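Data from protein31.pdb: PDB, N, CA and C atoms
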ATOM      1  N   MET S   1      91.088 151.671  93.620  1.00  0.00           N
ATOM      2  CA  MET S   1      91.294 150.838  92.445  1.00  0.00           C
ATOM      3  C   MET S   1      90.779 149.425  92.707  1.00  0.00           C
ATOM      4  N   LEU S   2      90.937 148.974  93.948  1.00  0.00           N
ATOM      5  CA  LEU S   2      90.444 147.637  94.260  1.00  0.00           C
ATOM      6  C   LEU S   2      88.924 147.578  94.149  1.00  0.00           C
ATOM      7  N   GLU S   3      88.265 148.657  94.545  1.00  0.00           N
ATOM      8  CA  GLU S   3      86.809 148.712  94.419  1.00  0.00           C
ATOM      9  C   GLU S   3      86.408 148.671  92.938  1.00  0.00           C
ATOM     10  N   LEU S   4      87.127 149.422  92.125  1.00  0.00           N
ATOM     11  CA  LEU S   4      86.869 149.418  90.686  1.00  0.00           C
ATOM     12  C   LEU S   4      87.074 148.020  90.113  1.00  0.00           C
ATOM     13  N   LEU S   5      88.130 147.366  90.532  1.00  0.00           N
ATOM     14  CA  LEU S   5      88.410 145.997  90.088  1.00  0.00           C
ATOM     15  C   LEU S   5      87.258 145.073  90.460  1.00  0.00           C
ATOM     16  N   GLY S   6      86.802 145.157  91.707  1.00  0.00           N
ATOM     17  CA  GLY S   6      85.689 144.333  92.164  1.00  0.00           C
ATOM     18  C   GLY S   6      84.413 144.603  91.393  1.00  0.00           C
ATOM     19  N   ASP S   7      84.125 145.888  91.157  1.00  0.00           N
ATOM     20  CA  ASP S   7      82.922 146.254  90.402  1.00  0.00           C
ATOM     21  C   ASP S   7      82.986 145.712  88.977  1.00  0.00           C
ATOM     22  N   ALA S   8      84.154 145.790  88.361  1.00  0.00           N
ATOM     23  CA  ALA S   8      84.310 145.313  86.987  1.00  0.00           C
ATOM     24  C   ALA S   8      84.140 143.793  86.918  1.00  0.00           C
ATOM     25  N   VAL S   9      84.666 143.074  87.900  1.00  0.00           N
ATOM     26  CA  VAL S   9      84.508 141.617  87.941  1.00  0.00           C
ATOM     27  C   VAL S   9      83.027 141.266  88.083  1.00  0.00           C
ATOM     28  N   GLU S  10      82.351 141.997  88.969  1.00  0.00           N
ATOM     29  CA  GLU S  10      80.912 141.758  89.157  1.00  0.00           C
ATOM     30  C   GLU S  10      80.119 142.068  87.889  1.00  0.00           C
ATOM     31  N   ALA S  11      80.599 142.998  87.095  1.00  0.00           N
ATOM     32  CA  ALA S  11      79.919 143.369  85.850  1.00  0.00           C
ATOM     33  C   ALA S  11      80.210 142.380  84.723  1.00  0.00           C
ATOM     34  N   GLY S  12      81.114 141.424  84.981  1.00  0.00           N
ATOM     35  CA  GLY S  12      81.372 140.400  83.988  1.00  0.00           C
ATOM     36  C   GLY S  12      82.673 140.548  83.219  1.00  0.00           C
ATOM     37  N   TRP S  13      83.464 141.541  83.544  1.00  0.00           N
ATOM     38  CA  TRP S  13      84.754 141.713  82.869  1.00  0.00           C
ATOM     39  C   TRP S  13      85.727 140.666  83.408  1.00  0.00           C
ATOM     40  N   ASN S  14      86.632 140.188  82.540  1.00  0.00           N
ATOM     41  CA  ASN S  14      87.669 139.294  83.056  1.00  0.00           C
ATOM     42  C   ASN S  14      88.872 140.138  83.485  1.00  0.00           C
ATOM     43  N   LYS S  15      89.746 139.538  84.251  1.00  0.00           N
ATOM     44  CA  LYS S  15      90.852 140.301  84.841  1.00  0.00           C
ATOM     45  C   LYS S  15      91.785 140.909  83.790  1.00  0.00           C
ATOM     46  N   ASP S  16      91.998 140.205  82.683  1.00  0.00           N
ATOM     47  CA  ASP S  16      92.856 140.762  81.625  1.00  0.00           C
ATOM     48  C   ASP S  16      92.243 142.021  81.022  1.00  0.00           C
ATOM     49  N   GLU S  17      90.921 141.994  80.804  1.00  0.00           N
ATOM     50  CA  GLU S  17      90.229 143.175  80.266  1.00  0.00           C
ATOM     51  C   GLU S  17      90.307 144.347  81.248  1.00  0.00           C
ATOM     52  N   ILE S  18      90.126 144.034  82.513  1.00  0.00           N
ATOM     53  CA  ILE S  18      90.147 145.076  83.548  1.00  0.00           C
ATOM     54  C   ILE S  18      91.523 145.724  83.623  1.00  0.00           C
ATOM     55  N   LEU S  19      92.542 144.900  83.686  1.00  0.00           N
ATOM     56  CA  LEU S  19      93.900 145.433  83.790  1.00  0.00           C
ATOM     57  C   LEU S  19      94.283 146.226  82.546  1.00  0.00           C
ATOM     58  N   ALA S  20      93.887 145.751  81.372  1.00  0.00           N
ATOM     59  CA  ALA S  20      94.179 146.490  80.142  1.00  0.00           C
ATOM     60  C   ALA S  20      93.492 147.845  80.156  1.00  0.00           C
ATOM     61  N   ALA S  21      92.239 147.882  80.617  1.00  0.00           N
ATOM     62  CA  ALA S  21      91.511 149.148  80.684  1.00  0.00           C
ATOM     63  C   ALA S  21      92.149 150.096  81.693  1.00  0.00           C
ATOM     64  N   MET S  22      92.549 149.568  82.847  1.00  0.00           N
ATOM     65  CA  MET S  22      93.188 150.403  83.876  1.00  0.00           C
ATOM     66  C   MET S  22      94.511 150.968  83.362  1.00  0.00           C
ATOM     67  N   ILE S  23      95.275 150.156  82.670  1.00  0.00           N
ATOM     68  CA  ILE S  23      96.551 150.616  82.115  1.00  0.00           C
ATOM     69  C   ILE S  23      96.317 151.697  81.067  1.00  0.00           C
ATOM     70  N   GLU S  24      95.313 151.510  80.226  1.00  0.00           N
ATOM     71  CA  GLU S  24      95.014 152.510  79.202  1.00  0.00           C
ATOM     72  C   GLU S  24      94.615 153.840  79.833  1.00  0.00           C
ATOM     73  N   VAL S  25      93.778 153.780  80.869  1.00  0.00           N
ATOM     74  CA  VAL S  25      93.367 155.010  81.558  1.00  0.00           C
ATOM     75  C   VAL S  25      94.576 155.689  82.194  1.00  0.00           C
ATOM     76  N   ALA S  26      95.432 154.916  82.843  1.00  0.00           N
ATOM     77  CA  ALA S  26      96.630 155.479  83.473  1.00  0.00           C
ATOM     78  C   ALA S  26      97.548 156.106  82.427  1.00  0.00           C
ATOM     79  N   ASP S  27      97.752 155.420  81.314  1.00  0.00           N
ATOM     80  CA  ASP S  27      98.595 155.966  80.238  1.00  0.00           C
ATOM     81  C   ASP S  27      98.019 157.267  79.690  1.00  0.00           C
ATOM     82  N   ASN S  28      96.708 157.282  79.454  1.00  0.00           N
ATOM     83  CA  ASN S  28      96.079 158.486  78.918  1.00  0.00           C
ATOM     84  C   ASN S  28      96.199 159.656  79.892  1.00  0.00           C
ATOM     85  N   ASN S  29      96.023 159.382  81.173  1.00  0.00           N
ATOM     86  CA  ASN S  29      96.164 160.439  82.173  1.00  0.00           C
ATOM     87  C   ASN S  29      97.597 160.945  82.251  1.00  0.00           C
ATOM     88  N   ALA S  30      98.554 160.034  82.181  1.00  0.00           N
ATOM     89  CA  ALA S  30      99.960 160.435  82.217  1.00  0.00           C
ATOM     90  C   ALA S  30     100.307 161.294  81.007  1.00  0.00           C
ATOM     91  N   LEU S  31      99.819 160.896  79.837  1.00  0.00           N
ATOM     92  CA  LEU S  31     100.079 161.683  78.625  1.00  0.00           C
ATOM     93  C   LEU S  31      99.431 163.056  78.714  1.00  0.00           C
ATOM     94  N   ALA S  32      98.220 163.121  79.260  1.00  0.00           N
ATOM     95  CA  ALA S  32      97.527 164.404  79.397  1.00  0.00           C
ATOM     96  C   ALA S  32      98.280 165.316  80.356  1.00  0.00           C
ATOM     97  N   MET S  33      98.753 164.763  81.468  1.00  0.00           N
ATOM     98  CA  MET S  33      99.508 165.572  82.428  1.00  0.00           C
ATOM     99  C   MET S  33     100.803 166.051  81.804  1.00  0.00           C
ATOM    100  N   HIS S  34     101.469 165.175  81.066  1.00  0.00           N
ATOM    101  CA  HIS S  34     102.729 165.532  80.406  1.00  0.00           C
ATOM    102  C   HIS S  34     102.489 166.660  79.397  1.00  0.00           C
ATOM    103  N   GLN S  35     101.415 166.545  78.644  1.00  0.00           N
ATOM    104  CA  GLN S  35     101.097 167.574  77.655  1.00  0.00           C
ATOM    105  C   GLN S  35     100.815 168.903  78.342  1.00  0.00           C
ATOM    106  N   ASN S  36     100.097 168.873  79.484  1.00  0.00           N
ATOM    107  CA  ASN S  36      99.809 170.100  80.220  1.00  0.00           C
ATOM    108  C   ASN S  36     101.091 170.759  80.718  1.00  0.00           C
ATOM    109  N   VAL S  37     102.046 169.956  81.144  1.00  0.00           N
ATOM    110  CA  VAL S  37     103.322 170.492  81.604  1.00  0.00           C
ATOM    111  C   VAL S  37     104.054 171.148  80.445  1.00  0.00           C
ATOM    112  N   LEU S  38     104.061 170.479  79.285  1.00  0.00           N
ATOM    113  CA  LEU S  38     104.741 171.050  78.124  1.00  0.00           C
ATOM    114  C   LEU S  38     104.119 172.379  77.714  1.00  0.00           C
ATOM    115  N   VAL S  39     102.794 172.458  77.717  1.00  0.00           N
ATOM    116  CA  VAL S  39     102.112 173.695  77.354  1.00  0.00           C
ATOM    117  C   VAL S  39     102.457 174.784  78.356  1.00  0.00           C
ATOM    118  N   SER S  40     102.484 174.435  79.629  1.00  0.00           N
ATOM    119  CA  SER S  40     102.804 175.406  80.676  1.00  0.00           C
ATOM    120  C   SER S  40     104.235 175.930  80.514  1.00  0.00           C
ATOM    121  N   VAL S  41     105.169 175.047  80.248  1.00  0.00           N
ATOM    122  CA  VAL S  41     106.566 175.453  80.067  1.00  0.00           C
ATOM    123  C   VAL S  41     106.696 176.345  78.839  1.00  0.00           C
ATOM    124  N   GLU S  42     106.035 175.961  77.748  1.00  0.00           N
ATOM    125  CA  GLU S  42     106.088 176.768  76.529  1.00  0.00           C
ATOM    126  C   GLU S  42     105.510 178.164  76.776  1.00  0.00           C
ATOM    127  N   THR S  43     104.429 178.239  77.510  1.00  0.00           N
ATOM    128  CA  THR S  43     103.807 179.523  77.820  1.00  0.00           C
ATOM    129  C   THR S  43     104.746 180.401  78.630  1.00  0.00           C
ATOM    130  N   GLU S  44     105.386 179.823  79.631  1.00  0.00           N
ATOM    131  CA  GLU S  44     106.311 180.587  80.467  1.00  0.00           C
ATOM    132  C   GLU S  44     107.522 181.043  79.663  1.00  0.00           C
ATOM    133  N   LEU S  45     108.026 180.187  78.790  1.00  0.00           N
ATOM    134  CA  LEU S  45     109.167 180.578  77.960  1.00  0.00           C
ATOM    135  C   LEU S  45     108.798 181.733  77.031  1.00  0.00           C
ATOM    136  N   ARG S  46     107.613 181.679  76.452  1.00  0.00           N
ATOM    137  CA  ARG S  46     107.172 182.791  75.593  1.00  0.00           C
ATOM    138  C   ARG S  46     107.087 184.093  76.377  1.00  0.00           C
ATOM    139  N   LYS S  47     106.570 184.025  77.598  1.00  0.00           N
ATOM    140  CA  LYS S  47     106.481 185.224  78.440  1.00  0.00           C
ATOM    141  C   LYS S  47     107.869 185.792  78.710  1.00  0.00           C
ATOM    142  N   LEU S  48     108.810 184.909  79.049  1.00  0.00           N
ATOM    143  CA  LEU S  48     110.172 185.367  79.332  1.00  0.00           C
ATOM    144  C   LEU S  48     110.824 185.981  78.093  1.00  0.00           C
ATOM    145  N   MET S  49     110.625 185.341  76.955  1.00  0.00           N
ATOM    146  CA  MET S  49     111.224 185.855  75.719  1.00  0.00           C
ATOM    147  C   MET S  49     110.622 187.220  75.381  1.00  0.00           C
ATOM    148  N   LYS S  50     109.336 187.360  75.550  1.00  0.00           N
ATOM    149  CA  LYS S  50     108.681 188.634  75.277  1.00  0.00           C
ATOM    150  C   LYS S  50     109.179 189.712  76.237  1.00  0.00           C
ATOM    151  N   LYS S  51     109.339 189.340  77.494  1.00  0.00           N
ATOM    152  CA  LYS S  51     109.814 190.278  78.512  1.00  0.00           C
ATOM    153  C   LYS S  51     111.239 190.740  78.194  1.00  0.00           C
ATOM    154  N   ASN S  52     112.093 189.812  77.724  1.00  0.00           N
ATOM    155  CA  ASN S  52     113.474 190.132  77.398  1.00  0.00           C
ATOM    156  C   ASN S  52     113.590 191.049  76.171  1.00  0.00           C
ATOM    157  N   ARG S  53     112.618 190.993  75.291  1.00  0.00           N
ATOM    158  CA  ARG S  53     112.632 191.833  74.097  1.00  0.00           C
ATOM    159  C   ARG S  53     112.321 193.284  74.442  1.00  0.00           C
ATOM    160  N   ASN S  54     111.558 193.486  75.492  1.00  0.00           N
ATOM    161  CA  ASN S  54     111.156 194.851  75.870  1.00  0.00           C
ATOM    162  C   ASN S  54     112.182 195.556  76.682  1.00  0.00           C
TER     163      ASN S  54
END

The structure given in the file should be rewritten as structure tokens.
Amino acid sequence: MLELLGDAVEAGWNKDEILAAMIEVADNNALAMHQNVLVSVETELRKLMKKNRN
């Protein structure tokens, strides 16, 4: 992350822009991981419910 910060500063970004972008990327990744977990749990629950019906 420090390398990314340095590269962004060299590219002309100010620190507020860099930090905002890093936070947005982190938030998006966290939301994507959370969504993947929810889908996985829902899939497993459906399998269990189907198995219990048989």

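Across the model, the gap from atom N of Met22 (chain S) to atom C of Met1 (chain S) is 10.0 Å.
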
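For the atom pair formed by atom N of Ala26 (chain S) and atom N of Thr43 (chain S), the distance is 25.6 Å, given to one decimal.
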
- Item | CA of Glu3 (chain S) to CA of Asp27 (chain S), distance in Å rounded to a single decimal | 19.8 Å
